[in-house]
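Raw contents of model30.pdb, PDB, C-alpha atoms and all ligand atoms:
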MODEL        1
ATOM      1  CA  MET T   1       0.000   0.000   0.000  1.00  0.00           C
ATOM      2  CA  ALA T   2       1.312   3.448  -0.848  1.00  0.00           C
ATOM      3  CA  LEU T   3       1.717   5.481   2.326  1.00  0.00           C
ATOM      4  CA  SER T   4       2.328   8.794   0.618  1.00  0.00           C
ATOM      5  CA  GLN T   5       1.268  10.297  -2.653  1.00  0.00           C
ATOM      6  CA  ASN T   6       4.076  11.674  -4.746  1.00  0.00           C
ATOM      7  CA  SER T   7       4.595  12.911  -8.264  1.00  0.00           C
ATOM      8  CA  GLU T   8       2.721  12.530 -11.503  1.00  0.00           C
ATOM      9  CA  LYS T   9       4.580  10.884 -14.317  1.00  0.00           C
ATOM     10  CA  GLY T  10       7.551  13.008 -15.359  1.00  0.00           C
ATOM     11  CA  ASP T  11       7.618  15.273 -12.317  1.00  0.00           C
ATOM     12  CA  PRO T  12      10.852  15.605 -10.393  1.00  0.00           C
ATOM     13  CA  VAL T  13      11.045  13.100  -7.575  1.00  0.00           C
ATOM     14  CA  ASP T  14      11.976  14.069  -4.053  1.00  0.00           C
ATOM     15  CA  GLN T  15      14.293  11.242  -2.992  1.00  0.00           C
ATOM     16  CA  SER T  16      13.886  12.117   0.681  1.00  0.00           C
ATOM     17  CA  THR T  17      10.224  11.212   0.651  1.00  0.00           C
ATOM     18  CA  GLY T  18       9.422   8.539  -1.920  1.00  0.00           C
ATOM     19  CA  VAL T  19       6.574   6.086  -1.605  1.00  0.00           C
ATOM     20  CA  THR T  20       6.575   3.178   0.825  1.00  0.00           C
ATOM     21  CA  TYR T  21       5.052  -0.105  -0.291  1.00  0.00           C
ATOM     22  CA  GLU T  22       4.281  -3.162   1.792  1.00  0.00           C
ATOM     23  CA  GLY T  23       4.997  -6.566   0.352  1.00  0.00           C
ATOM     24  CA  SER T  24       4.922 -10.247   1.178  1.00  0.00           C
ATOM     25  CA  CYS T  25       5.799 -13.551  -0.359  1.00  0.00           C
ATOM     26  CA  HIS T  26       2.933 -15.832  -1.393  1.00  0.00           C
ATOM     27  CA  CYS T  27       2.704 -17.732   1.926  1.00  0.00           C
ATOM     28  CA  LYS T  28       3.164 -14.535   4.021  1.00  0.00           C
ATOM     29  CA  ALA T  29       6.169 -15.953   5.872  1.00  0.00           C
ATOM     30  CA  VAL T  30       8.163 -12.946   4.661  1.00  0.00           C
ATOM     31  CA  LEU T  31       6.730  -9.452   5.224  1.00  0.00           C
ATOM     32  CA  TYR T  32       8.598  -6.305   4.246  1.00  0.00           C
ATOM     33  CA  SER T  33       8.496  -2.610   3.436  1.00  0.00           C
ATOM     34  CA  VAL T  34      10.295  -0.867   0.629  1.00  0.00           C
ATOM     35  CA  LYS T  35      10.652   2.802  -0.216  1.00  0.00           C
ATOM     36  CA  LEU T  36      10.597   3.518  -3.937  1.00  0.00           C
ATOM     37  CA  PRO T  37      11.407   6.921  -5.481  1.00  0.00           C
ATOM     38  CA  SER T  38       7.827   7.343  -6.710  1.00  0.00           C
ATOM     39  CA  GLU T  39       4.632   5.418  -7.284  1.00  0.00           C
ATOM     40  CA  ILE T  40       4.929   2.279  -9.363  1.00  0.00           C
ATOM     41  CA  PRO T  41       3.071   3.437 -12.478  1.00  0.00           C
ATOM     42  CA  SER T  42       5.532   6.351 -12.879  1.00  0.00           C
ATOM     43  CA  LEU T  43       8.580   4.281 -12.066  1.00  0.00           C
ATOM     44  CA  PRO T  44      10.594   2.199 -14.544  1.00  0.00           C
ATOM     45  CA  VAL T  45       9.631  -1.455 -14.124  1.00  0.00           C
ATOM     46  CA  ILE T  46      11.976  -3.974 -15.680  1.00  0.00           C
ATOM     47  CA  SER T  47      11.265  -7.339 -17.247  1.00  0.00           C
ATOM     48  CA  CYS T  48      14.646  -9.027 -17.605  1.00  0.00           C
ATOM     49  CA  ASN T  49      15.128 -12.004 -19.891  1.00  0.00           C
ATOM     50  CA  CYS T  50      18.109 -13.526 -18.080  1.00  0.00           C
ATOM     51  CA  SER T  51      17.760 -17.219 -17.404  1.00  0.00           C
ATOM     52  CA  TYR T  52      16.564 -16.698 -13.817  1.00  0.00           C
ATOM     53  CA  CYS T  53      14.031 -13.921 -14.482  1.00  0.00           C
ATOM     54  CA  HIS T  54      12.710 -15.905 -17.426  1.00  0.00           C
ATOM     55  CA  VAL T  55      11.774 -18.658 -14.984  1.00  0.00           C
ATOM     56  CA  SER T  56      10.657 -16.505 -12.027  1.00  0.00           C
ATOM     57  CA  GLY T  57       8.603 -14.054 -14.107  1.00  0.00           C
ATOM     58  CA  SER T  58       9.529 -11.237 -11.732  1.00  0.00           C
ATOM     59  CA  PHE T  59       9.006  -7.583 -12.669  1.00  0.00           C
ATOM     60  CA  HIS T  60      11.571  -5.395 -10.918  1.00  0.00           C
ATOM     61  CA  ALA T  61      11.782  -1.810  -9.676  1.00  0.00           C
ATOM     62  CA  PHE T  62      14.969  -0.520  -8.082  1.00  0.00           C
ATOM     63  CA  ALA T  63      15.282   0.628  -4.476  1.00  0.00           C
ATOM     64  CA  ASP T  64      18.185   1.499  -2.213  1.00  0.00           C
ATOM     65  CA  ASP T  65      17.136  -0.980   0.411  1.00  0.00           C
ATOM     66  CA  ILE T  66      14.399  -3.254   1.690  1.00  0.00           C
ATOM     67  CA  GLU T  67      13.202  -3.580   5.275  1.00  0.00           C
ATOM     68  CA  ILE T  68      12.355  -7.171   6.146  1.00  0.00           C
ATOM     69  CA  ARG T  69       9.790  -6.883   8.961  1.00  0.00           C
ATOM     70  CA  GLN T  70       9.119 -10.593   9.432  1.00  0.00           C
ATOM     71  CA  GLY T  71      10.548 -13.864   8.187  1.00  0.00           C
ATOM     72  CA  GLU T  72      14.178 -12.919   7.500  1.00  0.00           C
ATOM     73  CA  GLU T  73      15.061 -16.506   8.436  1.00  0.00           C
ATOM     74  CA  ALA T  74      12.660 -17.815   5.777  1.00  0.00           C
ATOM     75  CA  LEU T  75      14.575 -16.058   2.998  1.00  0.00           C
ATOM     76  CA  LYS T  76      16.950 -18.228   1.001  1.00  0.00           C
ATOM     77  CA  GLU T  77      19.727 -16.977  -1.209  1.00  0.00           C
ATOM     78  CA  TYR T  78      20.529 -18.195  -4.689  1.00  0.00           C
ATOM     79  CA  ARG T  79      23.343 -17.184  -7.036  1.00  0.00           C
ATOM     80  CA  PHE T  80      24.369 -18.451 -10.424  1.00  0.00           C
ATOM     81  CA  GLY T  81      26.661 -17.512 -13.313  1.00  0.00           C
ATOM     82  CA  THR T  82      29.063 -14.755 -12.230  1.00  0.00           C
ATOM     83  CA  HIS T  83      27.457 -14.700  -8.760  1.00  0.00           C
ATOM     84  CA  SER T  84      27.026 -10.924  -9.134  1.00  0.00           C
ATOM     85  CA  ILE T  85      23.424 -10.976  -7.990  1.00  0.00           C
ATOM     86  CA  LYS T  86      22.101 -12.344  -4.720  1.00  0.00           C
ATOM     87  CA  ILE T  87      18.610 -13.644  -5.416  1.00  0.00           C
ATOM     88  CA  PHE T  88      16.404 -13.824  -2.328  1.00  0.00           C
ATOM     89  CA  PHE T  89      13.327 -16.006  -2.310  1.00  0.00           C
ATOM     90  CA  CYS T  90      11.012 -17.523   0.298  1.00  0.00           C
ATOM     91  CA  GLY T  91      12.170 -21.007   1.282  1.00  0.00           C
ATOM     92  CA  THR T  92       8.568 -22.113   1.786  1.00  0.00           C
ATOM     93  CA  CYS T  93       6.613 -20.783  -1.186  1.00  0.00           C
ATOM     94  CA  GLY T  94       9.508 -19.989  -3.508  1.00  0.00           C
ATOM     95  CA  ALA T  95       8.443 -16.426  -4.341  1.00  0.00           C
ATOM     96  CA  ASN T  96      11.321 -14.216  -5.549  1.00  0.00           C
ATOM     97  CA  VAL T  97      11.188 -11.293  -3.082  1.00  0.00           C
ATOM     98  CA  TYR T  98      14.174  -9.242  -4.231  1.00  0.00           C
ATOM     99  CA  ASN T  99      17.659  -9.371  -5.714  1.00  0.00           C
ATOM    100  CA  ARG T 100      20.751  -7.401  -4.719  1.00  0.00           C
ATOM    101  CA  SER T 101      23.849  -6.796  -6.804  1.00  0.00           C
ATOM    102  CA  VAL T 102      27.215  -7.488  -5.189  1.00  0.00           C
ATOM    103  CA  ASN T 103      29.129  -6.561  -8.351  1.00  0.00           C
ATOM    104  CA  PRO T 104      30.662  -3.049  -8.099  1.00  0.00           C
ATOM    105  CA  LYS T 105      30.315  -2.703 -11.898  1.00  0.00           C
ATOM    106  CA  PHE T 106      26.633  -3.652 -12.103  1.00  0.00           C
ATOM    107  CA  ILE T 107      23.901  -1.648 -10.289  1.00  0.00           C
ATOM    108  CA  PHE T 108      25.959  -2.070  -7.135  1.00  0.00           C
ATOM    109  CA  GLY T 109      24.152  -1.962  -3.816  1.00  0.00           C
ATOM    110  CA  LYS T 110      20.722  -1.554  -5.379  1.00  0.00           C
ATOM    111  CA  CYS T 111      17.838  -3.876  -4.646  1.00  0.00           C
ATOM    112  CA  ALA T 112      15.688  -5.105  -7.497  1.00  0.00           C
ATOM    113  CA  ILE T 113      12.279  -5.412  -5.857  1.00  0.00           C
ATOM    114  CA  ASN T 114       9.760  -7.842  -7.360  1.00  0.00           C
ATOM    115  CA  VAL T 115       6.780  -5.528  -7.837  1.00  0.00           C
ATOM    116  CA  ARG T 116       4.465  -8.522  -8.325  1.00  0.00           C
ATOM    117  CA  LEU T 117       4.635  -9.026  -4.545  1.00  0.00           C
ATOM    118  CA  LEU T 118       3.809  -5.444  -3.524  1.00  0.00           C
ATOM    119  CA  GLN T 119       0.368  -4.521  -2.222  1.00  0.00           C
ATOM    120  CA  GLY T 120      -1.755  -2.072  -4.165  1.00  0.00           C
ATOM    121  CA  VAL T 121       0.061  -2.442  -7.472  1.00  0.00           C
ATOM    122  CA  ASP T 122      -2.089  -2.757 -10.577  1.00  0.00           C
ATOM    123  CA  LEU T 123       0.063  -4.953 -12.788  1.00  0.00           C
ATOM    124  CA  GLY T 124      -2.100  -4.104 -15.779  1.00  0.00           C
ATOM    125  CA  ALA T 125      -1.230  -0.402 -15.419  1.00  0.00           C
ATOM    126  CA  ILE T 126       2.522  -0.970 -15.466  1.00  0.00           C
ATOM    127  CA  GLU T 127       4.556  -0.048 -18.488  1.00  0.00           C
ATOM    128  CA  VAL T 128       7.190  -2.768 -18.517  1.00  0.00           C
ATOM    129  CA  THR T 129      10.633  -2.091 -19.961  1.00  0.00           C
ATOM    130  CA  LYS T 130      12.408  -5.121 -21.365  1.00  0.00           C
ATOM    131  CA  ARG T 131      16.012  -5.634 -20.335  1.00  0.00           C
ATOM    132  CA  GLU T 132      18.423  -7.852 -22.218  1.00  0.00           C
ATOM    133  CA  GLY T 133      19.872  -9.825 -19.322  1.00  0.00           C
ATOM    134  CA  LYS T 134      20.232 -13.158 -21.076  1.00  0.00           C
ATOM    135  CA  ASP T 135      23.653 -12.363 -22.518  1.00  0.00           C
ATOM    136  CA  PHE T 136      25.011 -11.499 -19.075  1.00  0.00           C
ATOM    137  CA  TYR T 137      23.275 -14.266 -17.159  1.00  0.00           C
ATOM    138  CA  PRO T 138      22.914 -17.404 -19.241  1.00  0.00           C
ATOM    139  CA  PRO T 139      21.620 -20.585 -17.625  1.00  0.00           C
ATOM    140  CA  PRO T 140      23.973 -22.396 -15.258  1.00  0.00           C
ATOM    141  CA  LEU T 141      25.884 -25.297 -16.824  1.00  0.00           C
TER     142      LEU T 141
HETATM  143 ZN    ZN K 201       6.606 -17.621   1.314  1.00  0.00          ZN
ENDMDL
END

I'd like the structure from this file rewritten - as structure tokens, please.
Ligand SMILES: [Zn+2]
Amino acid sequence: MALSQNSEKGDPVDQSTGVTYEGSCHCKAVLYSVKLPSEIPSLPVISCNCSYCHVSGSFHAFADDIEIRQGEEALKEYRFGTHSIKIFFCGTCGANVYNRSVNPKFIFGKCAINVRLLQGVDLGAIEVTKREGKDFYPPPL
């Protein structure tokens, strides 16, 4: 749920405020909050075609951080390929909650939040930008 209203599409975004969304995995073992720079419809949402995102179907928006409020112990970590991205998913239901880059040369320190798991997001209203991730992250051998 958006806790604060922010800008219309194209307006400058005040990074100090942003919009806070609540999210959960499918089984609700993992509950979290995330502050995004603006509301989802005005924010770039990425559909990556790397071998993992192809399988998970996640749509991602980028945030500086994520606050896990419940179920940190339920989160499992997965890495493949160059191991540049830590993929976090619920160990019970398997939902991909978020990913974090550990590669200083690739969106370092940012969290890719799976917007499919956020409350109050109309997936049909999202303009999805395709990202060519498959050349960087082919399937594991
Ligand atoms: Zn779960």

List all protein, DNA and RNA residues that have at least one atom no more than 7 Å from any atom of ligand ZN 201 (chain K), counting all atoms listed in the file, and write them as a ChimeraX atom specification.
/T:25-30,90-95

Take the point (10.9, -3.2, -23.0) in the file's coordinates, draw a sphere of radius 12 Å around it, and report as a PyMOL selection string every protein, DNA or RNA residue with an atom inside or on it, counting only C-alpha atoms.
chain T and resi 44-49+59+126-133

With C-alpha atoms retained, write the just-selected residues as an mmCIF file, in the frame of the given file.
data_model
loop_
_atom_site.group_PDB
_atom_site.id
_atom_site.type_symbol
_atom_site.label_atom_id
_atom_site.label_comp_id
_atom_site.auth_asym_id
_atom_site.auth_seq_id
_atom_site.Cartn_x
_atom_site.Cartn_y
_atom_site.Cartn_z
ATOM 1 C CA PRO T 44 10.594 2.199 -14.544
ATOM 2 C CA VAL T 45 9.631 -1.455 -14.124
ATOM 3 C CA ILE T 46 11.976 -3.974 -15.680
ATOM 4 C CA SER T 47 11.265 -7.339 -17.247
ATOM 5 C CA CYS T 48 14.646 -9.027 -17.605
ATOM 6 C CA ASN T 49 15.128 -12.004 -19.891
ATOM 7 C CA PHE T 59 9.006 -7.583 -12.669
ATOM 8 C CA ILE T 126 2.522 -0.970 -15.466
ATOM 9 C CA GLU T 127 4.556 -0.048 -18.488
ATOM 10 C CA VAL T 128 7.190 -2.768 -18.517
ATOM 11 C CA THR T 129 10.633 -2.091 -19.961
ATOM 12 C CA LYS T 130 12.408 -5.121 -21.365
ATOM 13 C CA ARG T 131 16.012 -5.634 -20.335
ATOM 14 C CA GLU T 132 18.423 -7.852 -22.218
ATOM 15 C CA GLY T 133 19.872 -9.825 -19.322
#

Determine the nearest neighbour of Ser56 in chain T from the options T:Val102, T:Asn114, T:Gly81, T:Lys35, counting all atoms listed in the file.
T:Asn114

Per residue of range 22-93 of chain T within 10 Å of range 105-112 of chain T, note the shortest atom pair and the distance in Å to one decimal, counting only C-alpha atoms, and order the rows by chain and increasing residue number, as CSV.
residue,atom,partner,partner_atom,distance
T:Val34,CA,T:Cys111,CA,9.7
T:Val45,CA,T:Ala112,CA,9.7
T:Ile46,CA,T:Ala112,CA,9.1
T:Ser58,CA,T:Ala112,CA,9.7
T:Phe59,CA,T:Ala112,CA,8.8
T:His60,CA,T:Ala112,CA,5.4
T:Ala61,CA,T:Ala112,CA,5.6
T:Phe62,CA,T:Ala112,CA,4.7
T:Ala63,CA,T:Cys111,CA,5.2
T:Asp64,CA,T:Lys110,CA,5.1
T:Asp65,CA,T:Cys111,CA,5.9
T:Ile66,CA,T:Cys111,CA,7.2
T:Ser84,CA,T:Phe106,CA,7.9
T:Ile85,CA,T:Phe106,CA,9.0
T:Lys86,CA,T:Cys111,CA,9.5
T:Ile87,CA,T:Ala112,CA,9.3

Quick check on the file I pasted: which residues fall under the PyMOL selection byres (((chain T and resi 21) around 10) and not hetatm)? Write them as a list in words.
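Residues picked by the PyMOL selection byres (((chain T and resi 21) around 10) and not hetatm): Met1, Ala2, Leu3, Ser4, Gly18, Val19, Thr20, Glu22, Gly23, Tyr32, Ser33, Val34, Lys35, Leu36, Glu39, Ile40, Val115, Leu117, Leu118, Gln119, Gly120 and Val121 of chain T.
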
For a test of reading the model, state the distance in Å between CA of Ser24 in chain T and CA of Phe89 in chain T, rounded to one decimal.
10.8 Å

What is the CA of Phe88 in chain T-CA of Lys76 in chain T distance in Å, reported with one decimal?
5.5 Å

Nearest to Cys50 in chain T, restricted to all atoms listed in the file and choosing among T:Phe80, T:Leu75, T:Pro104, T:Ala125, comes out as T:Phe80

Which residue, T:Tyr98, T:Leu31, T:Arg79, T:Ala74, has the smallest gap to Ser51 in chain T when you use all atoms listed in the file?
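Using all atoms listed in the file, the shortest distance to Ser51 in chain T belongs to T:Arg79.
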
Counting only C-alpha atoms, the residue of T:Gly71, T:Arg116, T:Thr82, T:Tyr52 that sits nearest Ser101 in chain T:
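Under the stated criterion, the closest residue is T:Thr82.
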
Taking all atoms of range 106-118 of chain T that the file lists, what box with edges along x, y and z, padded by 5 Å per side, do you get, with centre and edge lengths in Å to one decimal, as lines of an AutoDock Vina configuration file?
center_x = 15.2
center_y = -5.3
center_z = -7.8
size_x = 32.8
size_y = 17.5
size_z = 18.6
